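The structure appears below as structure tokens.
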Amino acid sequence: MKNILGIDIGGSTTKIIGYCNGTIFSPLLVKANDPTASLYGAFGKFLSVNHLSIEDIERVMITGVGSSAIKEDLFGIPTVHIDEFQAIGRGGLFLSGLDHAVVVSMGTGTAFVAAKENHARHLGGTGVGGGTLLGLSDRMINVRHFNELIETAKSGDLQNVDLFIRDISSDTMETLTPHTTASNFGKISDLVSNGDLALGIINLVFQTIGVCSVFAARIEQTDNIVLTGNLTNVPQMKEIFDLMQKLYDKNFIVPEYSEFATATGAALLHGWEKK
């Protein structure tokens with residue numbers, strides 16, 4: 001079997017991954033504002049890094065919001081468009097090793113997909129995602145880049161931003177712990193710093209995504225929630241989801257290559273058009 005390429009063409013980044021004989025390899029990311037330019041750039045980089053030629057590629061499977069701009073086969077290689085939600089679901093299950101889960105794709109916005117064995121179904125989504133992080137940080141603390149936002153948040157303290165259950169009630173609640181957030185940005189201190197605000201923005205975005213995914217998992221009757229997409233690289237995410245895992249008794253899973261889940265799913269669906 002020759003190599004299959006899975007390519008996820010986004011608005012600003014294109015992700016590519018190889019698949020051969022049941023194994024994925026060499027995930028790569030290329031940034032470009034033009035989807036066609038990013039596709040060809042990612043393809044060329046992948047071949048160069050892996051010392052492959054065009055003849056070594058059997059099929060190219062493309063998905064993502066930018067894939068609609070691609071109308072022809074790539075360098076004469078059969079090029080197939082894959083439904084993005086099917087790719088998200090299949091990729092999330094493959095990378096996590098699960099056969100049933102809610103797969104969450106966290107990009108500029110967030111999509112929730114119910115995935116089970118060989119079927120995936122789009123449950124819905126929210127506009128809260130990476131775009132929200134950057135938009136709020138730009139307006140609130142004049143920070144426009146992810147790395148700078150993440151670094152700024154390291155000195156933050158949520159007690160100066162968020163209202164917790166312990167701030168409004170001394171009673172013990174059966175389903176809520178004292179440090180559960182009662183209101184995001186509900187207790188901004190006069191002494192609030194940019195670090196506090198940065199952490200508050202990150203917490204707001206991930207808690208919103210987390211609660212939505214918990215509701216989806218309850219509807220789908222699964223305890224497993226697979227987190228994928230670029231936002232899985234935000235280090236503060238782990239502590240936020242660890243707390244939510246204890247609160248809601250759901251398994252939040254971040255598999256290896258999580259940011260390449262959609263590209264992986266596209267590659268895995270290389271035989272779908274024959275059915």
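Within each chain, counting starts at residue 1; across the structure tokens, chains are named A, B, ... in the order shown, with ligands numbered 1 upward in that order.
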Hey, what's within 10 Å of segment 122-136 of chain A if we count only C-alpha atoms and toss same-chain stuff fewer than 6 positions away? As JSON, numbers by chain, please?
-> {"A": [84, 85, 86, 88, 89, 102, 103, 104, 105, 106, 107, 108, 109, 110, 111, 112, 113, 114, 115, 142, 143, 144, 145, 146, 149, 197, 198, 201, 202, 203, 204, 205, 206, 208, 209, 212, 213, 216, 219, 220, 229, 230, 231]}
Counting only C-alpha atoms, which residues of segment 49-111 of chain A fall within 10 Å of segment 9-16 of chain A, and what is the closest atom pair for each with its distance in Å at one decimal, ordered by chain and rising number, as a Markdown table?
```
| residue | atom | partner | partner_atom | distance |
| --- | --- | --- | --- | --- |
| A:Val60 | CA | A:Ile16 | CA | 9.9 |
| A:Met61 | CA | A:Ile16 | CA | 9.7 |
| A:Ile62 | CA | A:Ile9 | CA | 7.2 |
| A:Thr63 | CA | A:Ile9 | CA | 6.2 |
| A:Gly64 | CA | A:Ile9 | CA | 4.8 |
| A:Val65 | CA | A:Gly10 | CA | 5.5 |
| A:Gly66 | CA | A:Ile9 | CA | 4.9 |
| A:Ser67 | CA | A:Ile9 | CA | 5.7 |
| A:Ser68 | CA | A:Ile9 | CA | 9.2 |
| A:Ala69 | CA | A:Ile9 | CA | 9.6 |
| A:Ile70 | CA | A:Ile9 | CA | 9.8 |
| A:Gly107 | CA | A:Gly10 | CA | 9.1 |
| A:Thr108 | CA | A:Gly11 | CA | 8.9 |
```
What lies within 10 Å of Leu28 of chain A using only C-alpha atoms, ignoring chain neighbours under 5 positions off, as a PyMOL selection string?
-> chain A and resi 7+14-18+42-43+45-46+49+260
Within 12 Å of Asp196 of chain A, counting only C-alpha atoms, which residues qualify if same-chain residues fewer than 2 places away don't, as a ChimeraX atom specification?
-> /A:137,140-141,149-162,185,187-194,198-203
Identify, on the basis of only C-alpha atoms, every residue whose closest approach to Asp223 of chain A does not exceed 10 Å; exclude the query and any residue fewer than 5 positions from it along the same chain; express the result as JSON, numbers by chain.
-> {"A": [100, 101, 102, 214, 217, 218, 245, 248, 249, 250, 251, 252]}
Please identify all polymer residues within 12 Å of Gly22 of chain A, counting only C-alpha atoms, omitting same-chain residues fewer than 4 positions from it, and present them as a ChimeraX atom specification.
-> /A:1-4,18,94-95,264,267-270
Residues from the last selection, N, CA, C and O atoms, saved as a tab-separated table (two decimals), in the first residue's frame:
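Once written, out.tsv looks like this:
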```tsv
chain	number	residue	atom	x	y	z
A	1	MET	N	0.83	-1.20	0.00
A	1	MET	CA	0.00	0.00	0.00
A	1	MET	C	0.87	1.25	0.00
A	1	MET	O	1.80	1.38	0.80
A	2	LYS	N	0.57	2.19	-0.90
A	2	LYS	CA	1.29	3.45	-0.90
A	2	LYS	C	0.78	4.35	0.23
A	2	LYS	O	-0.15	4.01	0.94
A	3	ASN	N	1.39	5.51	0.34
A	3	ASN	CA	1.04	6.44	1.39
A	3	ASN	C	-0.24	7.21	1.07
A	3	ASN	O	-0.47	7.63	-0.07
A	4	ILE	N	-1.06	7.38	2.10
A	4	ILE	CA	-2.25	8.22	2.02
A	4	ILE	C	-1.95	9.50	2.80
A	4	ILE	O	-1.38	9.45	3.90
A	18	GLY	N	0.67	11.69	7.32
A	18	GLY	CA	0.74	10.53	6.46
A	18	GLY	C	0.14	9.31	7.12
A	18	GLY	O	0.12	9.19	8.35
A	94	PHE	N	-9.62	7.23	16.61
A	94	PHE	CA	-8.37	6.54	16.27
A	94	PHE	C	-7.24	6.95	17.21
A	94	PHE	O	-6.52	6.09	17.74
A	95	LEU	N	-7.08	8.23	17.42
A	95	LEU	CA	-5.97	8.71	18.25
A	95	LEU	C	-6.15	8.35	19.72
A	95	LEU	O	-5.17	8.15	20.44
A	264	THR	N	-5.96	13.40	10.48
A	264	THR	CA	-5.86	11.95	10.66
A	264	THR	C	-7.15	11.26	10.22
A	264	THR	O	-7.14	10.25	9.50
A	267	ALA	N	-7.45	11.03	6.46
A	267	ALA	CA	-6.61	9.97	5.90
A	267	ALA	C	-7.24	8.60	6.11
A	267	ALA	O	-7.21	7.75	5.21
A	268	LEU	N	-7.83	8.39	7.26
A	268	LEU	CA	-8.43	7.09	7.58
A	268	LEU	C	-9.65	6.79	6.72
A	268	LEU	O	-10.02	5.62	6.55
A	269	LEU	N	-10.26	7.83	6.17
A	269	LEU	CA	-11.46	7.66	5.36
A	269	LEU	C	-11.14	7.51	3.87
A	269	LEU	O	-11.98	7.78	3.01
A	270	HIS	N	-9.93	7.02	3.57
A	270	HIS	CA	-9.47	6.97	2.18
A	270	HIS	C	-10.27	6.02	1.30
A	270	HIS	O	-10.21	6.10	0.07
```
Enter the distance from atom CA of Asn21 of chain A to atom CA of Asp83 of chain A, in Å, rounded to one decimal.
->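 Value for the atom CA of Asn21 of chain A-atom CA of Asp83 of chain A distance: 22.7 Å.
You will find atom CA of Thr222 of chain A at 25.9 Å from atom CA of His179 of chain A.
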